[in-house]
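Engineer: Below is the structure I would like to discuss, written out as structure tokens.
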Amino acid sequence: MSENQIPEAGDRAPAIHLPTYPEGRIRLSEFKGKKNVVLHFYPKDDTPGCTTEACGFRDDLKTFDAADTVILGISPDAVASHEKFAKKYSLPFTLLADEERTACEKYGVWVEKSMYGRKYMGVQRATFLIDKRGKIAAAWPKGKVKGHVEEVAAAVGELD
């Protein structure tokens with residue numbers, strides 16, 4: 001897998017080391033051998049689709065906890081923005097601040113987008129399920145908000 005290519009099932013999950021709310025900094029490798037990880041990339045804190053999805057993960061957290069799985073949300077927003085977002089919606093999981101978009105680029109989700117005929121760079125909504133071995137178990141490279149959390153929860157339930 002090359003840089004800026006979306007990882008697929010079976011690929012080793014690209015390394016991440018970023019500032020977070022609320023913990024300080026996190027390395028993805030901290031979870032290897034201990035927990036599965038749902039790594040959810042989203043465009044922006046406190047926007048309609050991103051809020052719906054984050055609240056969906058919040059509301060189904062018991063399912064993920066029962067399967068030894070942590071949720072990590074990641075966007076280019078700053079830690080201060082993540083703090084406001086998490087507090088406003090009582091989000092009980094870690095949000096990673098990828099302000100320099102290094103993780104977004106490693107996972108191939110920093111892409112050209114278009115709105116009202118204007119082209120710009122932004123985050124493509126995507127989710128990666130990473131197993132305890134550090135491998136991508138499943139990927140949703142173009143996440144849809146409706147039904148997505150349920151799809152991810154079902155895939156988590158199929159892990160060893």
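All residue names refer to the structure tokens as shown: chains lettered A, B, ... in order, residues numbered from 1 in each chain, ligands numbered from 1 in order.
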When DSSP works through the backbone of this structure, what residues of segment 2-120 of chain A end up as alpha helix (DSSP H), shown as a count of residues only?
Structural biologist: 33
Engineer: Find the residues around His82 of chain A up to 7 Å (only C-alpha atoms counted), leave out those fewer than 6 positions away in its own chain, and share them as a PyMOL selection string.
Structural biologist: chain A and resi 21+45+95
Engineer: Near Gly10 of chain A, counting only C-alpha atoms, which residues have an atom at most 8 Å away, once you skip same-chain residues fewer than 4 positions from it, shown as a ChimeraX atom specification?
Structural biologist: /A:135-137
Engineer: Write the residues you've just listed into a file as a PDB file, in the first residue's frame, and include C-alpha atoms for each of them.
Structural biologist:
ATOM      1  CA  LYS A 135      -4.497  -5.214  10.619  1.00  0.00           C
ATOM      2  CA  ILE A 136      -7.394  -3.627   8.769  1.00  0.00           C
ATOM      3  CA  ALA A 137     -10.298  -6.045   9.297  1.00  0.00           C
TER       4      ALA A 137
END
Engineer: Using only C-alpha atoms, which residue out of A:His17, A:Lys35, A:Arg58, A:Lys44 lies closest to Val149 of chain A?
Structural biologist: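 Between A:His17, A:Lys35, A:Arg58, A:Lys44, the residue approaching Val149 of chain A most closely is A:Arg58.
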Engineer: Which residue out of A:Thr69, A:Asn36, A:Ser81, A:Thr20 has the minimum interatomic distance to Phe57 of chain A when only C-alpha atoms are used?
Structural biologist: A:Thr69
Engineer: Neighbours of Ala126 of chain A within 7 Å (only C-alpha atoms; same-chain residues fewer than 2 positions away dropped), as a ChimeraX atom specification?
Structural biologist: /A:40-42,124,128,140-143
Engineer: Could you give me, as a Markdown table, every segment 58-88 of chain A residue with an atom at most 12 Å from segment 105-109 of chain A, plus its closest atom pair and distance in Å to one decimal, counting only C-alpha atoms, rows ordered by chain then number?
Structural biologist:
| residue | atom | partner | partner_atom | distance |
| --- | --- | --- | --- | --- |
| A:Ile74 | CA | A:Val109 | CA | 11.0 |
| A:Ser75 | CA | A:Val109 | CA | 10.3 |
| A:Pro76 | CA | A:Glu105 | CA | 11.1 |
Engineer: What's the 9 Å shell around Tyr89 of chain A, counting only C-alpha atoms, without same-chain residues fewer than 2 positions away, as a PyMOL selection string?
Structural biologist: chain A and resi 46+51+54-55+58+84-87+91
Engineer: Which one is closest to Val152 of chain A: A:Trp110, A:Tyr120, A:Phe93, A:Phe64? Count only C-alpha atoms.
Structural biologist: A:Phe64
Engineer: Quick one: everything within 10 Å of Asp160 of chain A, counting only C-alpha atoms, minus sequence neighbours fewer than 2 positions away in the same chain. Send it as a VMD selection string.
Structural biologist: chain A and resid 67 131 to 132 156 to 158
Engineer: Hey, what does DSSP flag as strand (DSSP E or B) within chain A? Can you give it to me as a VMD selection string?
Structural biologist: chain A and resid 12 17 to 21 24 to 27 36 to 41 69 to 75 94 to 97 110 to 115 118 to 123 126 to 130 135 to 140
Engineer: Pick the closest to Gly24 of chain A from A:Gln5, A:Thr94, A:Thr63, A:Thr52: which is it, counting only C-alpha atoms?
Structural biologist: A:Thr94
Engineer: Could you check which of A:Arg133, A:Ala154, A:Gly147, A:Lys32 is closest to Asp11 of chain A, using only C-alpha atoms?
Structural biologist: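 Among A:Arg133, A:Ala154, A:Gly147, A:Lys32, it is A:Arg133 that comes nearest to Asp11 of chain A.
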Engineer: Excluding Val111 of chain A and residues on its chain fewer than 6 positions from it, collect all residues at most 8 Å away from it, counting only C-alpha atoms, and give them as a PyMOL selection string.
Structural biologist: chain A and resi 121-124
Engineer: Which residue gives the smallest distance to Gly56 of chain A among A:Leu159, A:Ile130, A:Glu100, A:Val145, with only C-alpha atoms counted?
Structural biologist: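 Selected residue with least distance to Gly56 of chain A: A:Val145.
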Engineer: Between atom CA of Ala13 of chain A and atom CA of Val37 of chain A, measure the distance and give it in Å to one decimal.
Structural biologist: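 Taking atom CA of Ala13 of chain A as the start and atom CA of Val37 of chain A as the end point, the length is 10.2 Å.
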